[in-house]
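Okay, my_file19.cif is below, mmCIF, C-alpha atoms:
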data_structure
loop_
_atom_site.label_atom_id
_atom_site.label_comp_id
_atom_site.auth_asym_id
_atom_site.auth_seq_id
_atom_site.Cartn_x
_atom_site.Cartn_y
_atom_site.Cartn_z
CA MET P 1 10.21 106.54 43.14
CA PRO P 2 7.20 104.70 41.88
CA SER P 3 7.87 102.71 38.78
CA HIS P 4 6.69 104.26 35.59
CA SER P 5 5.26 102.25 32.84
CA LYS P 6 4.35 103.60 29.49
CA PHE P 7 0.88 102.36 29.84
CA HIS P 8 -1.70 103.33 31.74
CA PHE P 9 -2.72 102.11 34.91
CA PHE P 10 0.61 100.49 35.37
CA ARG P 11 4.21 99.80 35.30
CA SER P 12 6.84 98.43 33.04
CA PRO P 13 7.77 94.84 33.90
CA THR P 14 11.42 95.36 33.05
CA LYS P 15 12.75 98.01 35.36
CA HIS P 16 12.04 100.69 37.87
CA THR P 17 12.41 104.08 36.20
CA GLY P 18 11.96 106.39 39.15
CA GLN P 19 8.96 108.24 37.73
CA PRO P 20 5.40 108.33 39.06
CA HIS P 21 3.18 105.78 37.43
CA PRO P 22 0.04 107.50 36.12
CA LEU P 23 -3.12 105.83 37.28
CA SER P 24 -5.25 108.42 35.66
CA ASN P 25 -4.67 111.73 33.98
CA GLN P 26 -6.58 114.63 32.56
CA MET P 27 -7.14 114.94 28.85
CA GLU P 28 -3.88 116.79 28.23
CA GLU P 29 -1.98 113.74 29.49
CA LEU P 30 -3.94 111.26 27.40
CA GLY P 31 -1.03 110.53 25.10
CA ASP P 32 1.14 109.38 27.99
CA ARG P 33 -1.71 107.28 29.32
CA LEU P 34 -2.13 105.53 25.99
CA ASP P 35 1.61 104.85 25.87
CA TRP P 36 1.28 103.37 29.34
CA ALA P 37 -1.64 101.21 28.17
CA SER P 38 0.34 99.72 25.35
CA SER P 39 2.79 98.02 27.74
CA ALA P 40 0.50 97.22 30.66
CA GLN P 41 -0.02 93.61 29.71
CA ASP P 42 2.66 92.63 32.25
CA ASP P 43 2.15 94.68 35.38
CA PHE P 44 4.74 93.06 37.65
CA PHE P 45 8.50 92.68 37.68
CA THR P 46 9.97 89.78 35.71
CA GLU P 47 13.52 88.54 35.98
CA GLU P 48 15.84 88.74 33.02
CA PRO P 49 16.52 85.27 31.57
CA GLY P 50 19.61 83.74 33.15
CA SER P 51 19.89 86.23 36.01
CA SER P 52 21.08 84.98 39.38
CA PRO P 53 18.45 84.61 42.15
CA GLY P 54 18.71 87.41 44.68
CA THR P 55 19.97 89.99 42.17
CA LEU P 56 18.92 93.51 43.11
CA ARG P 57 17.90 95.85 40.27
CA ILE P 58 18.59 99.38 41.47
CA ASP P 59 17.30 102.22 39.35
CA PRO P 60 19.98 104.93 39.11
CA ASP P 61 17.27 107.62 39.28
CA ALA P 62 15.67 106.23 42.45
CA PRO P 63 16.10 108.39 45.57
CA PRO P 64 18.48 107.16 48.28
CA PRO P 65 16.82 105.41 51.21
CA GLU P 66 15.72 107.52 54.17
CA ILE P 67 14.93 105.71 57.41
CA ILE P 68 12.26 107.24 59.68
CA ALA P 69 11.70 105.56 63.04
CA ILE P 70 8.56 106.12 65.11
CA ASP P 71 8.83 104.53 68.54
CA TYR P 72 5.75 104.57 70.76
CA SER P 73 3.91 103.11 73.71
CA ARG P 74 0.84 104.11 75.72
CA THR P 75 2.62 107.13 77.21
CA HIS P 76 5.52 107.65 74.82
CA TRP P 77 5.96 108.78 71.21
CA GLU P 78 9.17 109.66 69.42
CA CYS P 79 9.98 110.23 65.76
CA GLN P 80 13.56 110.33 64.51
CA THR P 81 15.59 109.95 61.34
CA LEU P 82 18.20 107.20 61.45
CA ALA P 83 21.54 107.58 59.72
CA ALA P 84 22.09 103.92 58.85
CA PRO P 85 20.28 100.57 59.06
CA ALA P 86 22.50 99.57 61.99
CA ASP P 87 20.77 102.24 64.09
CA CYS P 88 17.60 100.13 63.91
CA GLU P 89 19.01 97.36 66.09
CA PRO P 90 18.54 99.05 69.51
CA LEU P 91 14.92 99.81 68.63
CA LEU P 92 14.24 96.20 67.73
CA GLU P 93 15.32 95.11 71.20
CA SER P 94 13.18 97.65 73.09
CA SER P 95 9.89 96.83 74.77
CA THR P 96 8.00 99.53 72.86
CA VAL P 97 6.48 99.25 69.39
CA THR P 98 8.58 100.66 66.55
CA TRP P 99 7.57 101.61 63.03
CA LEU P 100 10.63 101.74 60.76
CA ASP P 101 9.74 103.46 57.51
CA VAL P 102 12.34 103.18 54.72
CA ARG P 103 11.61 105.60 51.87
CA GLY P 104 13.52 105.14 48.64
CA LEU P 105 15.28 102.28 46.87
CA GLY P 106 18.29 104.07 45.43
CA SER P 107 21.18 102.45 47.33
CA GLU P 108 22.02 98.77 47.04
CA GLU P 109 24.50 99.02 49.91
CA THR P 110 21.90 100.45 52.29
CA LEU P 111 19.33 97.87 51.26
CA ARG P 112 21.75 94.99 51.79
CA ASP P 113 22.70 96.40 55.20
CA LEU P 114 19.00 96.55 55.97
CA GLY P 115 18.70 92.92 54.95
CA GLN P 116 21.48 91.98 57.38
CA VAL P 117 19.93 93.87 60.27
CA PHE P 118 16.55 92.21 59.75
CA ARG P 119 18.01 88.84 58.70
CA LEU P 120 16.22 88.94 55.35
CA HIS P 121 16.67 86.07 52.94
CA PRO P 122 18.23 87.23 49.64
CA LEU P 123 15.04 86.29 47.79
CA THR P 124 12.97 88.30 50.26
CA LEU P 125 15.24 91.31 49.79
CA GLU P 126 14.90 90.83 46.05
CA ASP P 127 11.09 90.96 46.32
CA ILE P 128 11.33 94.17 48.33
CA THR P 129 13.79 95.86 45.96
CA ASN P 130 12.80 94.68 42.47
CA VAL P 131 9.45 96.38 42.09
CA PRO P 132 6.65 95.94 41.33
CA GLN P 133 5.96 92.47 42.68
CA ARG P 134 2.62 90.74 42.78
CA PRO P 135 0.85 91.42 46.12
CA LYS P 136 1.37 88.48 48.45
CA VAL P 137 1.98 87.29 52.02
CA GLU P 138 4.82 85.08 53.23
CA PHE P 139 4.74 83.61 56.73
CA GLU P 140 7.85 82.74 58.74
CA ASP P 141 8.12 81.52 62.31
CA ASP P 142 8.87 84.90 63.86
CA ARG P 143 7.74 87.41 61.21
CA ILE P 144 5.43 88.03 58.27
CA LEU P 145 6.22 89.62 54.91
CA VAL P 146 3.44 91.49 53.09
CA LEU P 147 3.78 93.07 49.63
CA VAL P 148 1.03 95.41 48.44
CA GLN P 149 0.45 98.26 46.01
CA MET P 150 -0.45 101.76 47.20
CA LEU P 151 -2.20 104.64 45.44
CA SER P 152 -1.35 108.24 46.16
CA PRO P 153 -2.39 111.52 44.46
CA ARG P 154 -0.05 112.96 41.89
CA ALA P 155 1.23 116.51 41.99
CA LYS P 156 -1.30 119.28 41.21
CA GLY P 157 -4.17 116.80 41.60
CA ARG P 158 -3.63 115.30 38.14
CA GLY P 159 -4.47 111.66 38.70
CA TYR P 160 -2.74 109.08 40.86
CA CYS P 161 0.56 107.23 41.29
CA THR P 162 1.03 103.64 42.33
CA GLU P 163 3.99 102.22 44.19
CA GLN P 164 4.89 99.03 46.00
CA VAL P 165 4.98 99.01 49.78
CA SER P 166 6.67 96.11 51.55
CA PHE P 167 5.80 95.26 55.17
CA LEU P 168 7.80 93.12 57.57
CA LEU P 169 5.95 92.41 60.81
CA GLY P 170 7.98 91.34 63.83
CA GLU P 171 7.10 90.88 67.48
CA ASN P 172 7.40 94.56 68.38
CA TYR P 173 8.11 96.30 65.09
CA VAL P 174 6.79 96.94 61.60
CA LEU P 175 9.24 97.64 58.78
CA THR P 176 7.86 99.40 55.71
CA VAL P 177 9.83 99.94 52.51
CA GLN P 178 8.45 102.45 50.04
CA GLU P 179 9.57 103.47 46.57
CA GLU P 180 8.52 107.11 46.84
CA PRO P 181 9.77 109.30 49.71
CA GLU P 182 7.53 112.29 48.98
CA ARG P 183 3.98 110.98 49.32
CA ASP P 184 2.07 108.05 50.74
CA ALA P 185 -1.27 107.19 52.34
CA PHE P 186 0.05 106.91 55.90
CA ASP P 187 -0.43 110.46 57.19
CA PRO P 188 -3.68 109.56 59.04
CA VAL P 189 -1.79 106.77 60.86
CA ARG P 190 1.05 109.12 61.75
CA ASP P 191 -1.45 111.64 63.14
CA ARG P 192 -3.11 108.97 65.26
CA LEU P 193 0.25 107.92 66.66
CA ARG P 194 1.33 111.49 67.39
CA THR P 195 -1.92 112.55 69.05
CA SER P 196 -2.67 109.18 70.68
CA ARG P 197 -6.07 109.18 69.01
CA GLY P 198 -7.94 105.91 69.08
CA ILE P 199 -6.46 102.68 70.41
CA ILE P 200 -3.40 102.44 68.17
CA ARG P 201 -0.88 103.28 70.90
CA ARG P 202 -2.45 100.76 73.25
CA MET P 203 -2.12 97.95 70.74
CA GLY P 204 0.83 96.00 69.39
CA ALA P 205 2.71 95.88 66.12
CA ASP P 206 0.07 93.68 64.49
CA TYR P 207 -2.52 96.43 64.92
CA LEU P 208 -0.08 98.94 63.41
CA LEU P 209 0.24 96.67 60.35
CA CYS P 210 -3.55 96.49 60.15
CA ALA P 211 -3.86 100.29 60.37
CA LEU P 212 -1.31 100.79 57.60
CA LEU P 213 -3.02 98.25 55.33
CA ASP P 214 -6.36 99.88 56.01
CA ALA P 215 -4.91 103.29 55.08
CA ILE P 216 -3.71 101.86 51.77
CA VAL P 217 -7.14 100.38 51.03
CA ASP P 218 -8.95 103.59 52.01
CA ALA P 219 -6.68 105.57 49.68
CA CYS P 220 -8.39 103.81 46.76
CA TYR P 221 -11.76 105.45 47.46
CA PRO P 222 -10.84 108.90 46.07
CA ALA P 223 -9.58 107.18 42.91
CA MET P 224 -12.92 105.41 42.60
CA ASP P 225 -14.71 108.77 42.94
CA TYR P 226 -12.44 110.16 40.24
CA TYR P 227 -13.31 107.36 37.85
CA ALA P 228 -17.02 107.69 38.59
CA GLN P 229 -16.83 111.35 37.56
CA GLN P 230 -14.81 110.53 34.43
CA ILE P 231 -17.22 107.80 33.35
CA GLU P 232 -20.20 110.10 33.87
CA ARG P 233 -18.51 112.87 31.86
CA LEU P 234 -17.60 110.48 29.06
CA GLU P 235 -21.13 109.13 28.95
CA GLN P 236 -22.39 112.64 28.20
CA ALA P 237 -19.64 113.16 25.62
CA VAL P 238 -20.46 109.87 23.89
CA LEU P 239 -24.12 110.81 23.57
CA PHE P 240 -23.65 114.39 22.38
CA GLU P 241 -20.09 114.84 21.10
CA PRO P 242 -18.66 111.48 20.05
CA ASP P 243 -15.24 111.77 18.42
CA ARG P 244 -11.94 109.92 18.38
CA ARG P 245 -10.62 111.84 21.35
CA VAL P 246 -13.47 110.52 23.47
CA MET P 247 -12.81 107.00 22.21
CA ARG P 248 -9.14 107.22 23.18
CA GLU P 249 -10.02 108.48 26.64
CA ILE P 250 -12.53 105.67 27.15
CA TYR P 251 -9.87 103.18 26.11
CA ALA P 252 -7.34 104.66 28.53
CA ILE P 253 -9.79 104.49 31.45
CA GLU P 254 -10.76 100.93 30.53
CA ARG P 255 -7.09 99.93 30.62
CA ASP P 256 -6.65 101.78 33.92
CA LEU P 257 -9.44 99.85 35.55
CA LEU P 258 -8.29 96.53 34.08
CA THR P 259 -4.81 96.99 35.53
CA LEU P 260 -6.21 98.15 38.88
CA ARG P 261 -8.25 95.00 39.06
CA ARG P 262 -5.20 92.87 38.27
CA TRP P 263 -3.42 93.99 41.45
CA ILE P 264 -6.37 94.74 43.73
CA ALA P 265 -7.57 91.13 43.44
CA PRO P 266 -4.33 89.53 44.73
CA GLN P 267 -4.05 92.30 47.31
CA THR P 268 -7.47 91.33 48.64
CA HIS P 269 -6.36 87.70 48.77
CA ALA P 270 -3.23 88.71 50.69
CA ILE P 271 -5.32 90.42 53.37
CA ALA P 272 -7.58 87.35 53.53
CA ALA P 273 -4.51 85.18 54.09
CA LEU P 274 -3.55 87.28 57.12
CA ILE P 275 -6.99 86.58 58.57
CA ARG P 276 -7.01 82.84 57.84
CA GLU P 277 -3.49 82.01 59.00
CA GLU P 278 -3.22 81.26 62.71
CA HIS P 279 0.08 83.05 63.23
CA PRO P 280 1.21 83.98 66.76
CA LEU P 281 2.18 87.52 65.66
CA ILE P 282 -1.45 88.37 64.78
CA HIS P 283 -3.70 88.33 67.82
CA ARG P 284 -7.34 87.36 67.74
CA GLU P 285 -8.67 90.86 68.47
CA VAL P 286 -6.66 92.27 65.55
CA ARG P 287 -8.23 89.77 63.14
CA ALA P 288 -11.55 91.56 63.54
CA TYR P 289 -9.94 94.79 62.30
CA LEU P 290 -8.27 92.89 59.46
CA GLN P 291 -11.68 91.51 58.55
CA GLU P 292 -13.01 95.06 58.19
CA CYS P 293 -9.98 95.95 56.05
CA TYR P 294 -10.68 92.89 53.89
CA GLU P 295 -14.30 93.98 53.44
CA HIS P 296 -13.16 97.43 52.31
CA ALA P 297 -10.74 95.86 49.83
CA THR P 298 -13.53 93.64 48.52
CA ASP P 299 -15.74 96.70 48.08
CA ILE P 300 -12.99 98.40 46.08
CA LEU P 301 -12.57 95.33 43.90
CA GLU P 302 -16.31 95.20 43.23
CA VAL P 303 -16.39 98.89 42.35
CA VAL P 304 -13.43 98.52 39.99
CA THR P 305 -15.14 95.55 38.32
CA LEU P 306 -18.35 97.55 37.95
CA TYR P 307 -16.56 100.57 36.52
CA GLN P 308 -14.65 98.34 34.13
CA GLU P 309 -17.94 96.96 32.83
CA LEU P 310 -19.28 100.50 32.50
CA ALA P 311 -16.20 101.49 30.51
CA VAL P 312 -16.72 98.54 28.18
CA ASN P 313 -20.36 99.54 27.79
CA LEU P 314 -19.25 103.10 27.08
CA MET P 315 -17.10 101.87 24.23
CA SER P 316 -20.07 99.96 22.83
CA LEU P 317 -22.22 103.04 23.29
CA TYR P 318 -19.60 105.10 21.46
CA MET P 319 -19.61 102.71 18.50
CA SER P 320 -23.42 102.77 18.44
CA SER P 321 -23.44 106.56 18.64
CA VAL P 322 -20.96 106.87 15.77
CA SER P 323 -23.04 104.41 13.75
CA ASN P 324 -26.20 106.42 14.46
CA ARG P 325 -24.50 109.63 13.39
CA MET P 326 -23.39 107.95 10.18
CA ASN P 327 -26.96 106.77 9.61
CA GLU P 328 -28.20 110.33 10.10
CA ILE P 329 -25.68 111.58 7.57
CA MET P 330 -26.71 108.93 5.08
CA LYS P 331 -30.35 109.84 5.75
CA VAL P 332 -29.69 113.48 4.87
CA LEU P 333 -27.82 112.50 1.71
CA THR P 334 -30.64 110.15 0.75
CA ILE P 335 -33.24 112.92 1.14
CA VAL P 336 -31.21 115.34 -0.94
CA SER P 337 -30.61 112.71 -3.60
CA ALA P 338 -34.28 111.72 -3.69
CA ILE P 339 -35.29 115.35 -4.25
CA PHE P 340 -32.81 115.96 -7.06
CA ILE P 341 -33.21 112.66 -8.91
CA PRO P 342 -36.47 113.70 -10.71
CA LEU P 343 -35.08 117.19 -11.29
CA THR P 344 -31.96 115.70 -12.82
CA PHE P 345 -34.14 113.48 -14.99
CA ILE P 346 -36.07 116.46 -16.35
CA ALA P 347 -32.91 118.49 -16.87
CA GLY P 348 -31.34 115.50 -18.66
CA ILE P 349 -34.25 115.17 -21.06
CA TYR P 350 -34.20 118.80 -22.07
CA GLY P 351 -30.46 118.73 -22.33
CA MET P 352 -30.72 116.53 -25.45
CA ASN P 353 -30.11 118.54 -28.62
CA PHE P 354 -32.84 117.27 -30.96
CA ASN P 355 -33.47 119.50 -33.96
CA THR P 356 -37.06 120.75 -33.75
CA GLU P 357 -37.02 121.87 -37.41
CA ILE P 358 -36.63 118.32 -38.75
CA SER P 359 -39.66 116.87 -36.93
CA PRO P 360 -42.55 118.46 -35.02
CA PHE P 361 -42.16 115.68 -32.45
CA ASN P 362 -38.60 116.71 -31.47
CA MET P 363 -39.41 118.52 -28.23
CA PRO P 364 -41.95 121.00 -29.57
CA GLU P 365 -42.18 122.58 -26.10
CA LEU P 366 -38.77 124.07 -26.72
CA ASN P 367 -40.51 126.55 -29.02
CA TRP P 368 -43.21 127.46 -26.53
CA ARG P 369 -43.19 131.07 -25.43
CA TYR P 370 -43.21 130.16 -21.72
CA GLY P 371 -41.66 126.68 -21.97
CA TYR P 372 -38.64 127.59 -19.83
CA TRP P 373 -40.82 128.89 -16.98
CA ILE P 374 -43.20 125.94 -17.26
CA CYS P 375 -40.23 123.57 -16.87
CA TRP P 376 -39.05 125.48 -13.80
CA GLY P 377 -42.55 125.37 -12.35
CA ILE P 378 -42.83 121.62 -12.82
CA MET P 379 -39.46 121.05 -11.12
CA ILE P 380 -40.36 123.32 -8.19
CA VAL P 381 -43.68 121.54 -7.74
CA ILE P 382 -41.98 118.13 -7.78
CA ALA P 383 -39.30 119.24 -5.29
CA GLY P 384 -41.93 120.81 -3.03
CA PHE P 385 -44.08 117.71 -3.13
CA LEU P 386 -41.13 115.49 -2.20
CA VAL P 387 -40.11 117.76 0.65
CA PHE P 388 -43.68 117.74 1.95
CA TYR P 389 -43.89 113.96 1.58
CA PHE P 390 -40.63 113.35 3.48
CA TRP P 391 -41.69 115.79 6.18
CA ARG P 392 -45.01 114.00 6.65
CA ARG P 393 -43.15 110.70 6.94
CA GLY P 394 -40.92 112.17 9.67
CA TRP P 395 -37.66 111.92 7.74
CA PHE P 396 -36.59 115.39 8.74
CA ASN P 397 -36.72 114.64 12.48
CA ASN P 398 -33.20 114.97 13.99
CA SER P 399 -31.71 115.10 10.51
CA PHE P 400 -30.83 118.79 10.27
#
Same coordinates, now as structure tokens:
Amino acid sequence: MPSHSKFHFFRSPTKHTGQPHPLSNQMEELGDRLDWASSAQDDFFTEEPGSSPGTLRIDPDAPPPEIIAIDYSRTHWECQTLAAPADCEPLLESSTVTWLDVRGLGSEETLRDLGQVFRLHPLTLEDITNVPQRPKVEFEDDRILVLVQMLSPRAKGRGYCTEQVSFLLGENYVLTVQEEPERDAFDPVRDRLRTSRGIIRRMGADYLLCALLDAIVDACYPAMDYYAQQIERLEQAVLFEPDRRVMREIYAIERDLLTLRRWIAPQTHAIAALIREEHPLIHREVRAYLQECYEHATDILEVVTLYQELAVNLMSLYMSSVSNRMNEIMKVLTIVSAIFIPLTFIAGIYGMNFNTEISPFNMPELNWRYGYWICWGIMIVIAGFLVFYFWRRGWFNNSF
């Protein structure tokens, strides 16, 4: 299954845990997203110190590999499930185009058998198995290895998962190795193959690789729409209801977008390498379609960069909003204090216990018949005057 990292927008660099990696979640999953964010500084797999090159790290919770073969030509289409990697060999020798889709990384024996069938170098098999790897392209004389990351919706529409997809392009076949057997972005390609829609069944394996890469890139657009909606919602929350929950959600989205950018950028470069390299397996007419795929990937990268900047600006806006609210609170307290300071002064004076019988100058007004009411009247007049003065100066605007 897709690797799970306790941060947000990506995976743990140490191992593959077999759980979907949350790209984005609703508010009730914010705690998990923040845990993900705390360990997202290293988004790709790193070897343990001293480990032997070519060591395969198999997660015990990962599903066992399932091999789906789609064999097609202009007039022919067949989909079948293969029992073992050895069953792939007759398809590799046929004149038709074959898409071999391996779903799951839970069996080291099956993966090593797969490596023998396709003559994979141990380091290449390691890159395919020990996920996630940095997106890249490796060219050989008779085949091309492509490693990319793929987004797919999570269950119940609550955000997105990311998983590594490995491609091996041969003369008449494309091998894909996925972490997650349950969901991917390839259903539109499967429908086109089944219904013979478009030109895909008239083209070779290089066009199939292009179509699969394009499906992965196009799967990012719904995630971009999701983040646009979240940023717009948080902008309203920051302006009218700023609190720590909003701040945590802004932080989680900012980390999401940062990690997205960290793997979309090399993925875009990998597609560009397929266009630049004059490899005999990629025909000239297919390069035009790869160019369009590259442009879509560049658009996604630009959108992610823009949204990341907006998230940073949202955090600044949140801090400014909190500061403004604090200023409003201090303004209210200042008004109240300014009104009661003269009243407290008057009350303090008449709270002194001077004996009026000793001297006629010791607060003679204490013996007045209406002295108490006169004192109240003076205090009410002072308070009223201050309230009127502050109102005329506009101090009460947006303060209560």
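With distances restricted to all atoms listed in the file, P:Pro65 is the closest residue to P:Gly106 from P:Ile144, P:Val165, P:Val332, P:Pro65.
Restricting the calculation to all atoms listed in the file, the smallest distance between P:Leu145 and any of P:Ile271, P:Ile68, P:Ala297, P:Cys220 is found for P:Ile271.
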For this session: List the neighbours of P:Cys375 out to 12 Å using only C-alpha atoms; skip same-chain residues closer than 5 positions along the sequence, and give me the result as a PyMOL selection string.
Result: chain P and resi 343+345-347+349-350+365-366+368-370+380-382
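Comparing P:Gly384, P:Pro63, P:Pro222, P:Pro53 by their smallest distance to P:Gly104, the closest is P:Pro63 (using only C-alpha atoms).
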Problem set entry | Output check: residues returned by the PyMOL selection byres ((chain P and resi 141) around 10), as a PyMOL selection string | chain P and resi 139-140+142-144+170+279-281
For this session: In the coordinate frame of the file, compute which residues have an atom within 10 Å of (-10.5, 98.2, 50.1) when using only C-alpha atoms, and state them as JSON, numbers by chain.
Result: {"P": [213, 214, 215, 216, 217, 218, 219, 220, 221, 264, 267, 268, 271, 292, 293, 294, 295, 296, 297, 298, 299, 300, 301, 302, 303]}
Problem set entry | Shell around stretch 173-189 of chain P at 9 Å using only C-alpha atoms, local window under 2 positions removed, as a ChimeraX atom specification | /P:1-3,18,20,62-63,65-66,71,91-92,96-106,128-129,131,150-154,163-171,191-194,200,204-206,208-209,211-212,215-216,218-219
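Here atom CA of P:Ser321 and atom CA of P:Tyr226 stand 24.5 Å from one another.
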Problem set entry | Reference answer for the PyMOL selection byres ((chain P and resi 117) around 7), as a PyMOL selection string | chain P and resi 85-86+89+113-116+118-119
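Between atom CA of P:Val304 and atom CA of P:Ala270 there is a distance of 17.7 Å.
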Exercise. At what distance in Å, to one decimal, does atom CA of P:Leu125 lie from atom CA of P:Gly54?
Worked result: 7.3 Å
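The smallest atom-to-atom distance between P:Arg255 and any of P:Glu126, P:Glu309, P:Glu93, P:Asp225, using all atoms listed in the file, is found for P:Glu309.
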For this session: Identify, on the basis of all atoms listed in the file, every residue whose closest approach to P:Asn397 does not exceed 10 Å; exclude the query and any residue fewer than 5 positions from it along the same chain; express the result as a list in words.
Result: Glu328, Phe390 and Trp391 of chain P
For this session: Could you check which of P:Leu317, P:Gly394, P:Gln149, P:His283 is closest to P:Arg262, using all atoms listed in the file?
Result: P:Gln149
For this session: Select, from P:Ser107, P:Ser196, P:Ser316, P:Thr162, the residue with the minimum atom-to-atom distance to P:Leu56, counting only C-alpha atoms.
Result: P:Ser107
Exercise. Could you spell out the hits of the PyMOL selection byres ((chain P and resi 310) around 12) on the shown file, as JSON, numbers by chain?
Worked result: {"P": [227, 228, 230, 231, 232, 234, 235, 250, 251, 253, 254, 257, 258, 303, 304, 305, 306, 307, 308, 309, 311, 312, 313, 314, 315, 316, 317, 318]}
Keeping only C-alpha atoms, write the selected residues as a compact mmCIF listing (two decimals), keeping the file's coordinate frame.
# COMPACT_ATOMS: atom_id res chain seq x y z
CA TYR P 227 -13.31 107.36 37.85
CA ALA P 228 -17.02 107.69 38.59
CA GLN P 230 -14.81 110.53 34.43
CA ILE P 231 -17.22 107.80 33.35
CA GLU P 232 -20.20 110.10 33.87
CA LEU P 234 -17.60 110.48 29.06
CA GLU P 235 -21.13 109.13 28.95
CA ILE P 250 -12.53 105.67 27.15
CA TYR P 251 -9.87 103.18 26.11
CA ILE P 253 -9.79 104.49 31.45
CA GLU P 254 -10.76 100.93 30.53
CA LEU P 257 -9.44 99.85 35.55
CA LEU P 258 -8.29 96.53 34.08
CA VAL P 303 -16.39 98.89 42.35
CA VAL P 304 -13.43 98.52 39.99
CA THR P 305 -15.14 95.55 38.32
CA LEU P 306 -18.35 97.55 37.95
CA TYR P 307 -16.56 100.57 36.52
CA GLN P 308 -14.65 98.34 34.13
CA GLU P 309 -17.94 96.96 32.83
CA ALA P 311 -16.20 101.49 30.51
CA VAL P 312 -16.72 98.54 28.18
CA ASN P 313 -20.36 99.54 27.79
CA LEU P 314 -19.25 103.10 27.08
CA MET P 315 -17.10 101.87 24.23
CA SER P 316 -20.07 99.96 22.83
CA LEU P 317 -22.22 103.04 23.29
CA TYR P 318 -19.60 105.10 21.46
